[in-house]
Amino acid sequence: MELEKVLHMNKGAGETSYAMNSGVQNKIISVGKEATTKAIVKTLCSSWPVSMGIADLGCSSGPNVLTVVSEILDAVYATSRMLDRPAPELIVYLNDLFMNDFNNIFRSLPSFYRKQRQEKGTGFGSCFISAVPGSFYGRLFPSKSLHFVHSSSSLHWLSQVPTGLEDDKWGRVLNKGKIYISKSSPQCVVDAYSRQFQNDFSLFLDSRSQEMVAGGRMMLSLMGRESMDPTAPNSCYQWELLANALMSMVSEGLVEEEKVDSFDAPYYAPCLEELKLEVQKEGSFAVDGHEGYEVDWDGAMELQSGSVGMLSRGERVARTIRAVVESMLESHFGNHIMDELFRRYAKLVEDHLSKTRTKYINLVISLVKRG
């Protein structure tokens with residue numbers, strides 16, 4: 001599975017699109033807003049650049065993208081007014097993988113600029129927004145060109161499916177009937193996922209260290225866990241239920257069991273200790289703050305009018321997950337099973353949430369580039 005070709009959020013604005021089903025991600029952006037604002041203020045107070053490079057890594061598409069940019073601009077201009085200084089020229093880079101729906105973002109930019117000018121009046125200075133496609137597990141920007149980096153709901157995605165998930169001698173899959181870490185997974189599977197995350201996050205930090213100025217800051221927000229145990233329910237149970245939905249289709253001859261056994265999610269939800277350890281080992285950044293938040297599986301979305309308001313909680317969760325992972329599942333299993341798969345998944349989620357208070361754990365960590 002070539003992730004750069006198949007890992008992207010559902011495009012467009014249809015009922016299964018990411019644009020229409022990203023309430024959880026919006027909630028995560030909302031709870032991290034205060035920390036983002038503080039990081040912007042600290043960045044500007046430590047050094048006032050004439051031109052300020054800002055990057056949103058893993059921006060995806062839909063309304064959340066420009067919500068993040070708007071919040072960053074608000075913080076920059078509020079700090080400028082507070083210190084009675086002219087706002088720096090802002091160069092904003094939106095990054096995601098090559099198959100991301102950048103056209104959806106571009107279509108929103110004219111109205112975004114108009115709104116910013118209306119709200120900020122003559123205080124709205126030069127702001128240039130562009131897209132930079134590519135993997136953030138590697139270099140993306142010129143050396144020392146960035147002052148602030150933001151990433152939300154992205155770093156739990158790995159650069160590849162971990163190696164070591166098959167028995168080298170016999171070629172047997174080691175995580176049979178599962179698509180991610182589970183309570184029944186062998187320790188070697190858990191270790192393979194952990195190693196892949198460590199390698200990826202270290203590469204991410206090294207790449208950003210070359211691109212950021214001394215004193216620049218990063219705000220990173222990602223799915224994680226409170227427990228040191230990677231099989232803790234709040235870090236992996238959404239995948240367990242999806243595997244159960246697939247295996248129910250296997251039992252009825254609708255999906256080949258080998259297809260399930262050969263699919264592994266390129267995902268890892270770390271604990272805070274893992275993040276801090278990799279930051280310490282890489283050495284280019286210092287931890288400036290960190291927090292953890294519980295987030296409902298459906299983002300605690302208000303009931304809405306129309307078709308969305310008629311959905312059960314399980315159906316809303318299923319749509320949220322489908323908008324994120326369908327591209328990968330479709331490339332592996334085929335488009336023809338998607339509707340039935342997520343119908344079954346919605347029922348399993350509904351049943352689970354009626355019995356158990358399972359929530360996502362979202363980790364927010366603030367880093368500052370060492371001099």
# chains A, B, ... in the order shown; residues from 1 in each chain; ligands from 1

$ select_by_dssp --residues "stretch 178-342 of chain A" --states "helix (DSSP H, G or I)" --output "PyMOL selection string"
chain A and resi 187-211+233-251+257-261+272-282+308-310+313-333+335-342

$ residues_around --residues "A:Ser145" --least-positions-apart "2" --cutoff "7 Å" --atoms "only C-alpha atoms" --output "number ranges by chain"
A: 53, 141-143, 147, 211-213

$ write_last_selection --atoms "N, CA and C atoms" --output "compact mmCIF listing (two decimals), in the first residue's frame"
# COMPACT_ATOMS: atom_id res chain seq x y z
N GLY A 53 6.98 33.02 8.58
CA GLY A 53 6.61 31.77 7.92
C GLY A 53 5.80 30.88 8.85
N PHE A 141 10.33 22.52 3.37
CA PHE A 141 10.52 23.96 3.27
C PHE A 141 12.00 24.31 3.30
N PRO A 142 12.34 25.53 2.83
CA PRO A 142 13.74 25.97 2.88
C PRO A 142 14.24 26.08 4.32
N SER A 143 15.54 26.05 4.48
CA SER A 143 16.14 26.14 5.80
C SER A 143 15.78 27.45 6.48
N HIS A 147 8.57 30.15 11.30
CA HIS A 147 8.55 30.67 12.66
C HIS A 147 7.52 29.94 13.53
N GLU A 211 14.16 23.44 9.19
CA GLU A 211 13.30 24.43 8.51
C GLU A 211 12.91 25.61 9.38
N MET A 212 13.06 25.46 10.71
CA MET A 212 12.58 26.48 11.63
C MET A 212 13.71 27.36 12.15
N VAL A 213 13.37 28.60 12.45
CA VAL A 213 14.33 29.52 13.05
C VAL A 213 14.47 29.22 14.53

$ residues_around --residues "A:Val65" --least-positions-apart "4" --cutoff "9 Å" --atoms "only C-alpha atoms" --output "VMD selection string"
chain A and resid 56 59 to 61 69 to 70 94 105

$ write_last_selection --atoms "C-alpha atoms" --output "mmCIF file, in the first residue's frame"
data_model
loop_
_atom_site.group_PDB
_atom_site.id
_atom_site.type_symbol
_atom_site.label_atom_id
_atom_site.label_comp_id
_atom_site.auth_asym_id
_atom_site.auth_seq_id
_atom_site.Cartn_x
_atom_site.Cartn_y
_atom_site.Cartn_z
ATOM 1 C CA ASP A 56 -0.119 23.873 8.874
ATOM 2 C CA CYS A 59 -4.151 20.418 6.756
ATOM 3 C CA SER A 60 -6.597 18.180 4.824
ATOM 4 C CA SER A 61 -9.553 20.037 3.266
ATOM 5 C CA VAL A 69 -5.475 29.728 9.612
ATOM 6 C CA SER A 70 -8.042 32.252 10.862
ATOM 7 C CA LEU A 94 -0.869 24.467 3.792
ATOM 8 C CA ILE A 105 -9.362 24.843 -0.211
#

$ residues_around --residues "A:Ile337" --least-positions-apart "3" --cutoff "10 Å" --atoms "only C-alpha atoms" --output "PDB file with N, CA and C atoms, in the first residue's frame"
ATOM      1  N   LEU A 246     -15.555  -6.157   9.568  1.00  0.00           N
ATOM      2  CA  LEU A 246     -14.978  -6.871   8.424  1.00  0.00           C
ATOM      3  C   LEU A 246     -15.079  -8.384   8.612  1.00  0.00           C
ATOM      4  N   MET A 249     -18.350  -9.867   7.846  1.00  0.00           N
ATOM      5  CA  MET A 249     -18.557 -10.037   6.407  1.00  0.00           C
ATOM      6  C   MET A 249     -17.790 -11.248   5.892  1.00  0.00           C
ATOM      7  N   LEU A 254     -18.650 -12.513   2.245  1.00  0.00           N
ATOM      8  CA  LEU A 254     -18.678 -11.247   1.508  1.00  0.00           C
ATOM      9  C   LEU A 254     -17.291 -10.634   1.347  1.00  0.00           C
ATOM     10  N   VAL A 255     -16.363 -11.057   2.197  1.00  0.00           N
ATOM     11  CA  VAL A 255     -14.976 -10.588   2.149  1.00  0.00           C
ATOM     12  C   VAL A 255     -14.070 -11.784   2.385  1.00  0.00           C
ATOM     13  N   LEU A 329      -9.206   1.735   2.715  1.00  0.00           N
ATOM     14  CA  LEU A 329      -9.988   0.502   2.684  1.00  0.00           C
ATOM     15  C   LEU A 329     -10.449   0.187   1.263  1.00  0.00           C
ATOM     16  N   GLU A 330     -10.854   1.206   0.547  1.00  0.00           N
ATOM     17  CA  GLU A 330     -11.345   1.012  -0.820  1.00  0.00           C
ATOM     18  C   GLU A 330     -10.249   0.481  -1.731  1.00  0.00           C
ATOM     19  N   PHE A 333      -9.881  -3.365  -0.344  1.00  0.00           N
ATOM     20  CA  PHE A 333     -11.028  -4.279  -0.373  1.00  0.00           C
ATOM     21  C   PHE A 333     -11.961  -4.040  -1.566  1.00  0.00           C
ATOM     22  N   GLY A 334     -11.872  -2.873  -2.188  1.00  0.00           N
ATOM     23  CA  GLY A 334     -12.779  -2.541  -3.277  1.00  0.00           C
ATOM     24  C   GLY A 334     -13.924  -1.663  -2.806  1.00  0.00           C
ATOM     25  N   GLU A 340     -21.941  -1.391   2.959  1.00  0.00           N
ATOM     26  CA  GLU A 340     -22.319  -2.455   3.891  1.00  0.00           C
ATOM     27  C   GLU A 340     -21.359  -2.500   5.084  1.00  0.00           C
ATOM     28  N   LEU A 341     -20.085  -2.317   4.826  1.00  0.00           N
ATOM     29  CA  LEU A 341     -19.101  -2.324   5.910  1.00  0.00           C
ATOM     30  C   LEU A 341     -19.426  -1.254   6.946  1.00  0.00           C
ATOM     31  N   PHE A 342     -19.689  -0.040   6.500  1.00  0.00           N
ATOM     32  CA  PHE A 342     -19.913   1.037   7.463  1.00  0.00           C
ATOM     33  C   PHE A 342     -21.323   1.000   8.056  1.00  0.00           C
TER      34      PHE A 342
END

$ atom_distance --atom1 "atom CA of A:Phe136" --atom2 "atom CA of A:Asp74"
25.4 Å

$ select_by_dssp --residues "stretch 105-340 of chain A" --states "strand (DSSP E)" --output "JSON, numbers by chain"
{"A": [127, 128, 129, 130, 131, 132, 133, 146, 147, 148, 149, 150, 151, 152, 212, 213, 214, 215, 216, 217, 218, 219, 220, 221, 222, 223, 224, 285, 286, 287, 288, 289, 290, 291, 292, 293, 294, 295, 296]}

$ write_last_selection --atoms "N, CA, C and O atoms" --output "short mmCIF file (atom, residue, chain, number, x, y, z; two decimals), in the first residue's frame"
data_model
loop_
_atom_site.label_atom_id
_atom_site.label_comp_id
_atom_site.auth_asym_id
_atom_site.auth_seq_id
_atom_site.Cartn_x
_atom_site.Cartn_y
_atom_site.Cartn_z
N CYS A 127 -0.91 38.83 3.54
CA CYS A 127 -1.01 37.42 3.92
C CYS A 127 -1.05 36.60 2.64
O CYS A 127 -1.95 36.78 1.80
N PHE A 128 -0.10 35.72 2.48
CA PHE A 128 0.01 34.91 1.28
C PHE A 128 -0.14 33.44 1.65
O PHE A 128 0.66 32.90 2.42
N ILE A 129 -1.18 32.80 1.11
CA ILE A 129 -1.47 31.39 1.41
C ILE A 129 -1.17 30.53 0.20
O ILE A 129 -1.62 30.83 -0.92
N SER A 130 -0.41 29.48 0.39
CA SER A 130 -0.10 28.57 -0.71
C SER A 130 -0.09 27.13 -0.20
O SER A 130 -0.07 26.88 1.00
N ALA A 131 -0.11 26.19 -1.13
CA ALA A 131 -0.11 24.77 -0.79
C ALA A 131 1.26 24.16 -1.04
O ALA A 131 1.93 24.49 -2.03
N VAL A 132 1.67 23.26 -0.15
CA VAL A 132 2.93 22.54 -0.30
C VAL A 132 2.63 21.05 -0.14
O VAL A 132 2.59 20.52 0.97
N PRO A 133 2.38 20.35 -1.25
CA PRO A 133 2.07 18.92 -1.15
C PRO A 133 3.31 18.08 -0.86
O PRO A 133 4.40 18.41 -1.30
N LEU A 146 10.67 28.95 8.69
CA LEU A 146 9.42 28.86 9.44
C LEU A 146 9.60 29.39 10.86
O LEU A 146 10.58 29.11 11.54
N HIS A 147 8.57 30.15 11.30
CA HIS A 147 8.55 30.67 12.66
C HIS A 147 7.52 29.94 13.53
O HIS A 147 7.68 29.86 14.75
N PHE A 148 6.49 29.41 12.88
CA PHE A 148 5.44 28.71 13.63
C PHE A 148 4.91 27.55 12.80
O PHE A 148 4.61 27.70 11.61
N VAL A 149 4.81 26.39 13.44
CA VAL A 149 4.29 25.18 12.78
C VAL A 149 3.12 24.64 13.60
O VAL A 149 3.21 24.52 14.83
N HIS A 150 2.04 24.33 12.90
CA HIS A 150 0.84 23.77 13.54
C HIS A 150 0.53 22.45 12.86
O HIS A 150 0.66 22.30 11.65
N SER A 151 0.12 21.46 13.65
CA SER A 151 -0.34 20.20 13.07
C SER A 151 -1.40 19.63 13.99
O SER A 151 -1.20 19.48 15.19
N SER A 152 -2.56 19.32 13.42
CA SER A 152 -3.67 18.78 14.21
C SER A 152 -4.23 17.54 13.53
O SER A 152 -4.45 17.53 12.32
N MET A 212 13.06 25.46 10.71
CA MET A 212 12.58 26.48 11.63
C MET A 212 13.71 27.36 12.15
O MET A 212 14.86 26.92 12.29
N VAL A 213 13.37 28.60 12.45
CA VAL A 213 14.33 29.52 13.05
C VAL A 213 14.47 29.22 14.53
O VAL A 213 13.57 28.62 15.15
N ALA A 214 15.58 29.62 15.14
CA ALA A 214 15.76 29.47 16.58
C ALA A 214 14.68 30.27 17.30
O ALA A 214 14.39 31.41 16.94
N GLY A 215 14.04 29.66 18.30
CA GLY A 215 12.96 30.32 19.03
C GLY A 215 11.60 30.12 18.41
O GLY A 215 10.59 30.52 19.00
N GLY A 216 11.56 29.51 17.21
CA GLY A 216 10.27 29.20 16.59
C GLY A 216 9.55 28.12 17.38
O GLY A 216 10.18 27.36 18.14
N ARG A 217 8.25 28.05 17.19
CA ARG A 217 7.46 27.11 17.99
C ARG A 217 6.60 26.20 17.13
O ARG A 217 6.16 26.59 16.05
N MET A 218 6.34 24.99 17.69
CA MET A 218 5.42 24.04 17.07
C MET A 218 4.31 23.71 18.05
O MET A 218 4.57 23.49 19.24
N MET A 219 3.09 23.66 17.53
CA MET A 219 1.95 23.16 18.29
C MET A 219 1.47 21.89 17.62
O MET A 219 0.97 21.93 16.48
N LEU A 220 1.63 20.76 18.28
CA LEU A 220 1.27 19.47 17.70
C LEU A 220 0.12 18.86 18.49
O LEU A 220 0.18 18.76 19.72
N SER A 221 -0.91 18.46 17.78
CA SER A 221 -2.10 17.86 18.40
C SER A 221 -2.39 16.55 17.68
O SER A 221 -2.51 16.53 16.44
N LEU A 222 -2.48 15.46 18.42
CA LEU A 222 -2.68 14.16 17.79
C LEU A 222 -3.41 13.21 18.72
O LEU A 222 -3.44 13.39 19.94
N MET A 223 -4.01 12.18 18.12
CA MET A 223 -4.64 11.13 18.90
C MET A 223 -3.57 10.40 19.71
O MET A 223 -2.49 10.10 19.20
N GLY A 224 -3.89 10.10 20.98
CA GLY A 224 -2.92 9.43 21.82
C GLY A 224 -3.62 8.56 22.85
O GLY A 224 -4.73 8.08 22.63
N PHE A 285 14.55 20.41 19.96
CA PHE A 285 13.44 21.14 20.53
C PHE A 285 13.35 20.92 22.04
O PHE A 285 13.81 19.89 22.55
N ALA A 286 12.75 21.88 22.72
CA ALA A 286 12.43 21.73 24.14
C ALA A 286 10.92 21.73 24.29
O ALA A 286 10.21 22.43 23.56
N VAL A 287 10.42 20.92 25.22
CA VAL A 287 8.98 20.88 25.48
C VAL A 287 8.59 22.11 26.29
O VAL A 287 9.14 22.37 27.36
N ASP A 288 7.65 22.88 25.76
CA ASP A 288 7.23 24.13 26.40
C ASP A 288 5.88 23.98 27.11
O ASP A 288 5.45 24.88 27.82
N GLY A 289 5.22 22.87 26.91
CA GLY A 289 3.94 22.63 27.55
C GLY A 289 3.25 21.44 26.92
O GLY A 289 3.55 21.05 25.79
N HIS A 290 2.32 20.84 27.67
CA HIS A 290 1.57 19.72 27.12
C HIS A 290 0.28 19.53 27.91
O HIS A 290 0.20 19.86 29.10
N GLU A 291 -0.74 19.02 27.22
CA GLU A 291 -2.04 18.77 27.83
C GLU A 291 -2.67 17.56 27.15
O GLU A 291 -2.28 17.18 26.04
N GLY A 292 -3.64 16.98 27.82
CA GLY A 292 -4.41 15.89 27.24
C GLY A 292 -5.89 16.16 27.42
O GLY A 292 -6.31 16.71 28.45
N TYR A 293 -6.69 15.81 26.42
CA TYR A 293 -8.12 16.06 26.47
C TYR A 293 -8.89 14.80 26.08
O TYR A 293 -8.45 14.04 25.22
N GLU A 294 -10.03 14.62 26.70
CA GLU A 294 -10.96 13.58 26.25
C GLU A 294 -11.90 14.18 25.21
O GLU A 294 -12.39 15.29 25.37
N VAL A 295 -12.14 13.43 24.15
CA VAL A 295 -13.03 13.88 23.07
C VAL A 295 -14.01 12.75 22.76
O VAL A 295 -13.60 11.61 22.55
N ASP A 296 -15.30 13.06 22.73
CA ASP A 296 -16.30 12.06 22.38
C ASP A 296 -16.05 11.51 20.98
O ASP A 296 -15.58 12.22 20.10
#

$ residues_around --residues "A:Ser80" --least-positions-apart "6" --cutoff "10 Å" --atoms "only C-alpha atoms" --output "ChimeraX atom specification"
/A:41,44-45,48,74,86-88,123

$ write_last_selection --atoms "all heavy atoms" --output "tab-separated table (two decimals), in the first residue's frame"
chain	number	residue	atom	x	y	z
A	41	VAL	N	1.91	34.11	20.57
A	41	VAL	CA	2.33	35.28	21.34
A	41	VAL	C	3.79	35.14	21.76
A	41	VAL	O	4.60	36.07	21.61
A	41	VAL	CB	1.43	35.49	22.57
A	41	VAL	CG1	1.98	36.60	23.46
A	41	VAL	CG2	0.00	35.81	22.15
A	44	LEU	N	6.21	35.64	18.77
A	44	LEU	CA	6.38	37.04	18.37
A	44	LEU	C	7.12	37.85	19.43
A	44	LEU	O	7.88	38.76	19.10
A	44	LEU	CB	5.02	37.67	18.08
A	44	LEU	CG	4.32	37.16	16.81
A	44	LEU	CD1	2.90	37.70	16.73
A	44	LEU	CD2	5.10	37.54	15.57
A	45	CYS	N	6.90	37.54	20.68
A	45	CYS	CA	7.56	38.29	21.75
A	45	CYS	C	9.05	37.99	21.83
A	45	CYS	O	9.84	38.81	22.30
A	45	CYS	CB	6.89	38.00	23.09
A	45	CYS	SG	5.25	38.77	23.27
A	48	TRP	N	10.61	39.62	16.64
A	48	TRP	CA	9.56	40.17	15.77
A	48	TRP	C	10.04	40.15	14.32
A	48	TRP	O	10.79	41.02	13.89
A	48	TRP	CB	9.20	41.59	16.19
A	48	TRP	CG	7.89	42.03	15.62
A	48	TRP	CD1	7.68	42.60	14.40
A	48	TRP	CD2	6.61	41.89	16.22
A	48	TRP	NE1	6.34	42.83	14.19
A	48	TRP	CE2	5.66	42.40	15.30
A	48	TRP	CE3	6.16	41.37	17.43
A	48	TRP	CZ2	4.29	42.42	15.57
A	48	TRP	CZ3	4.81	41.39	17.71
A	48	TRP	CH2	3.89	41.91	16.79
A	74	ASP	N	-5.70	35.68	13.76
A	74	ASP	CA	-6.27	36.46	14.87
A	74	ASP	C	-5.22	36.67	15.96
A	74	ASP	O	-5.09	37.77	16.51
A	74	ASP	CB	-7.48	35.74	15.47
A	74	ASP	CG	-8.71	35.79	14.57
A	74	ASP	OD1	-8.70	36.58	13.60
A	74	ASP	OD2	-9.66	35.03	14.84
A	86	PRO	N	3.64	47.04	13.84
A	86	PRO	CA	3.03	46.63	12.56
A	86	PRO	C	3.07	45.12	12.42
A	86	PRO	O	4.07	44.48	12.77
A	86	PRO	CB	3.92	47.32	11.51
A	86	PRO	CG	5.22	47.54	12.20
A	86	PRO	CD	4.89	47.81	13.64
A	87	ALA	N	1.98	44.54	11.94
A	87	ALA	CA	1.93	43.09	11.77
A	87	ALA	C	2.96	42.64	10.75
A	87	ALA	O	3.17	43.31	9.74
A	87	ALA	CB	0.54	42.67	11.32
A	88	PRO	N	3.61	41.52	11.01
A	88	PRO	CA	4.56	41.01	10.01
A	88	PRO	C	3.83	40.53	8.75
A	88	PRO	O	2.65	40.19	8.80
A	88	PRO	CB	5.24	39.84	10.73
A	88	PRO	CG	4.27	39.41	11.78
A	88	PRO	CD	3.53	40.65	12.19
A	123	GLY	N	-6.17	47.03	9.48
A	123	GLY	CA	-5.17	46.26	10.21
A	123	GLY	C	-4.76	44.99	9.51
A	123	GLY	O	-3.78	44.35	9.90

$ closest_residue --among "A:Ile29, A:Met328, A:Leu363, A:Leu155" --to "A:Glu273" --atoms "only C-alpha atoms"
A:Leu363

$ closest_residue --among "A:Val250, A:Val189, A:Leu109, A:Leu367" --to "A:Thr67" --atoms "only C-alpha atoms"
A:Leu109

$ residues_around --residues "A:Asp229" --least-positions-apart "3" --cutoff "12 Å" --atoms "only C-alpha atoms" --output "NGL selection string"
:A and (181-183 or 187 or 190-191 or 194 or 224-226 or 232-236 or 269-274)

$ write_last_selection --atoms "N, CA and C atoms" --output "PDB file, in the first residue's frame"
ATOM      1  N   ILE A 181      -3.413  -2.731  16.341  1.00  0.00           N
ATOM      2  CA  ILE A 181      -3.077  -3.304  17.647  1.00  0.00           C
ATOM      3  C   ILE A 181      -4.358  -3.651  18.397  1.00  0.00           C
ATOM      4  N   SER A 182      -4.346  -4.806  19.023  1.00  0.00           N
ATOM      5  CA  SER A 182      -5.501  -5.277  19.771  1.00  0.00           C
ATOM      6  C   SER A 182      -5.001  -5.969  21.047  1.00  0.00           C
ATOM      7  N   LYS A 183      -5.911  -6.202  21.982  1.00  0.00           N
ATOM      8  CA  LYS A 183      -5.554  -6.939  23.192  1.00  0.00           C
ATOM      9  C   LYS A 183      -5.000  -8.322  22.868  1.00  0.00           C
ATOM     10  N   GLN A 187       3.109  -9.462  21.191  1.00  0.00           N
ATOM     11  CA  GLN A 187       3.949  -8.344  21.597  1.00  0.00           C
ATOM     12  C   GLN A 187       4.800  -7.833  20.442  1.00  0.00           C
ATOM     13  N   VAL A 190       2.902  -5.176  18.576  1.00  0.00           N
ATOM     14  CA  VAL A 190       2.903  -3.922  19.329  1.00  0.00           C
ATOM     15  C   VAL A 190       4.252  -3.228  19.189  1.00  0.00           C
ATOM     16  N   ASP A 191       5.332  -3.998  19.307  1.00  0.00           N
ATOM     17  CA  ASP A 191       6.684  -3.438  19.209  1.00  0.00           C
ATOM     18  C   ASP A 191       6.949  -2.869  17.818  1.00  0.00           C
ATOM     19  N   SER A 194       5.269   0.481  17.592  1.00  0.00           N
ATOM     20  CA  SER A 194       5.981   1.455  18.413  1.00  0.00           C
ATOM     21  C   SER A 194       7.268   1.917  17.736  1.00  0.00           C
ATOM     22  N   GLY A 224      -3.894  10.103  20.977  1.00  0.00           N
ATOM     23  CA  GLY A 224      -2.924   9.428  21.817  1.00  0.00           C
ATOM     24  C   GLY A 224      -3.620   8.561  22.851  1.00  0.00           C
ATOM     25  N   ARG A 225      -2.950   8.405  23.963  1.00  0.00           N
ATOM     26  CA  ARG A 225      -3.525   7.602  25.042  1.00  0.00           C
ATOM     27  C   ARG A 225      -2.937   8.066  26.371  1.00  0.00           C
ATOM     28  N   GLU A 226      -3.651   7.802  27.460  1.00  0.00           N
ATOM     29  CA  GLU A 226      -3.165   8.121  28.801  1.00  0.00           C
ATOM     30  C   GLU A 226      -2.278   7.004  29.339  1.00  0.00           C
ATOM     31  N   ALA A 232      -4.648  -0.062  25.173  1.00  0.00           N
ATOM     32  CA  ALA A 232      -5.710   0.577  25.956  1.00  0.00           C
ATOM     33  C   ALA A 232      -6.884   0.921  25.034  1.00  0.00           C
ATOM     34  N   PRO A 233      -8.123   0.697  25.474  1.00  0.00           N
ATOM     35  CA  PRO A 233      -9.293   0.879  24.603  1.00  0.00           C
ATOM     36  C   PRO A 233      -9.399   2.251  23.954  1.00  0.00           C
ATOM     37  N   ASN A 234      -9.043   3.330  24.682  1.00  0.00           N
ATOM     38  CA  ASN A 234      -9.229   4.650  24.091  1.00  0.00           C
ATOM     39  C   ASN A 234      -8.195   4.975  23.011  1.00  0.00           C
ATOM     40  N   SER A 235      -7.260   4.063  22.774  1.00  0.00           N
ATOM     41  CA  SER A 235      -6.306   4.295  21.691  1.00  0.00           C
ATOM     42  C   SER A 235      -6.508   3.366  20.508  1.00  0.00           C
ATOM     43  N   CYS A 236      -7.305   2.317  20.672  1.00  0.00           N
ATOM     44  CA  CYS A 236      -7.375   1.347  19.571  1.00  0.00           C
ATOM     45  C   CYS A 236      -8.751   0.715  19.342  1.00  0.00           C
ATOM     46  N   ALA A 269      -1.305   5.621  18.119  1.00  0.00           N
ATOM     47  CA  ALA A 269      -1.681   6.622  19.112  1.00  0.00           C
ATOM     48  C   ALA A 269      -0.701   6.515  20.282  1.00  0.00           C
ATOM     49  N   PRO A 270       0.264   7.432  20.392  1.00  0.00           N
ATOM     50  CA  PRO A 270       1.290   7.330  21.430  1.00  0.00           C
ATOM     51  C   PRO A 270       0.803   7.875  22.767  1.00  0.00           C
ATOM     52  N   CYS A 271       1.561   7.628  23.803  1.00  0.00           N
ATOM     53  CA  CYS A 271       1.340   8.288  25.081  1.00  0.00           C
ATOM     54  C   CYS A 271       2.303   9.478  25.153  1.00  0.00           C
ATOM     55  N   LEU A 272       2.052  10.371  26.090  1.00  0.00           N
ATOM     56  CA  LEU A 272       2.864  11.581  26.214  1.00  0.00           C
ATOM     57  C   LEU A 272       4.329  11.251  26.476  1.00  0.00           C
ATOM     58  N   GLU A 273       4.572  10.199  27.249  1.00  0.00           N
ATOM     59  CA  GLU A 273       5.949   9.825  27.565  1.00  0.00           C
ATOM     60  C   GLU A 273       6.732   9.464  26.306  1.00  0.00           C
ATOM     61  N   GLU A 274       6.075   8.806  25.349  1.00  0.00           N
ATOM     62  CA  GLU A 274       6.747   8.464  24.092  1.00  0.00           C
ATOM     63  C   GLU A 274       7.116   9.713  23.303  1.00  0.00           C
TER      64      GLU A 274
END

$ closest_residue --among "A:Val317, A:Leu57, A:Val260, A:Cys188" --to "A:Lys359" --atoms "only C-alpha atoms"
A:Val317

$ atom_distance --atom1 "atom CA of A:Asp264" --atom2 "atom CA of A:Tyr180"
5.8 Å

$ residues_around --residues "A:Pro186" --least-positions-apart "6" --cutoff "10 Å" --atoms "only C-alpha atoms" --output "number ranges by chain"
A: 165, 174-176

$ write_last_selection --atoms "N, CA, C and O atoms" --output "tab-separated table (two decimals), in the first residue's frame"
chain	number	residue	atom	x	y	z
A	165	LEU	N	5.30	-7.47	10.62
A	165	LEU	CA	3.97	-7.95	10.98
A	165	LEU	C	3.69	-9.34	10.40
A	165	LEU	O	2.58	-9.85	10.50
A	174	LEU	N	0.92	-12.14	11.63
A	174	LEU	CA	1.02	-12.27	13.08
A	174	LEU	C	-0.15	-11.62	13.82
A	174	LEU	O	-0.28	-11.78	15.02
A	175	ASN	N	-0.96	-10.87	13.08
A	175	ASN	CA	-2.08	-10.15	13.71
A	175	ASN	C	-3.39	-10.57	13.06
A	175	ASN	O	-4.20	-9.75	12.65
A	176	LYS	N	-3.58	-11.86	12.98
A	176	LYS	CA	-4.68	-12.46	12.22
A	176	LYS	C	-6.04	-11.96	12.70
A	176	LYS	O	-6.33	-11.92	13.90
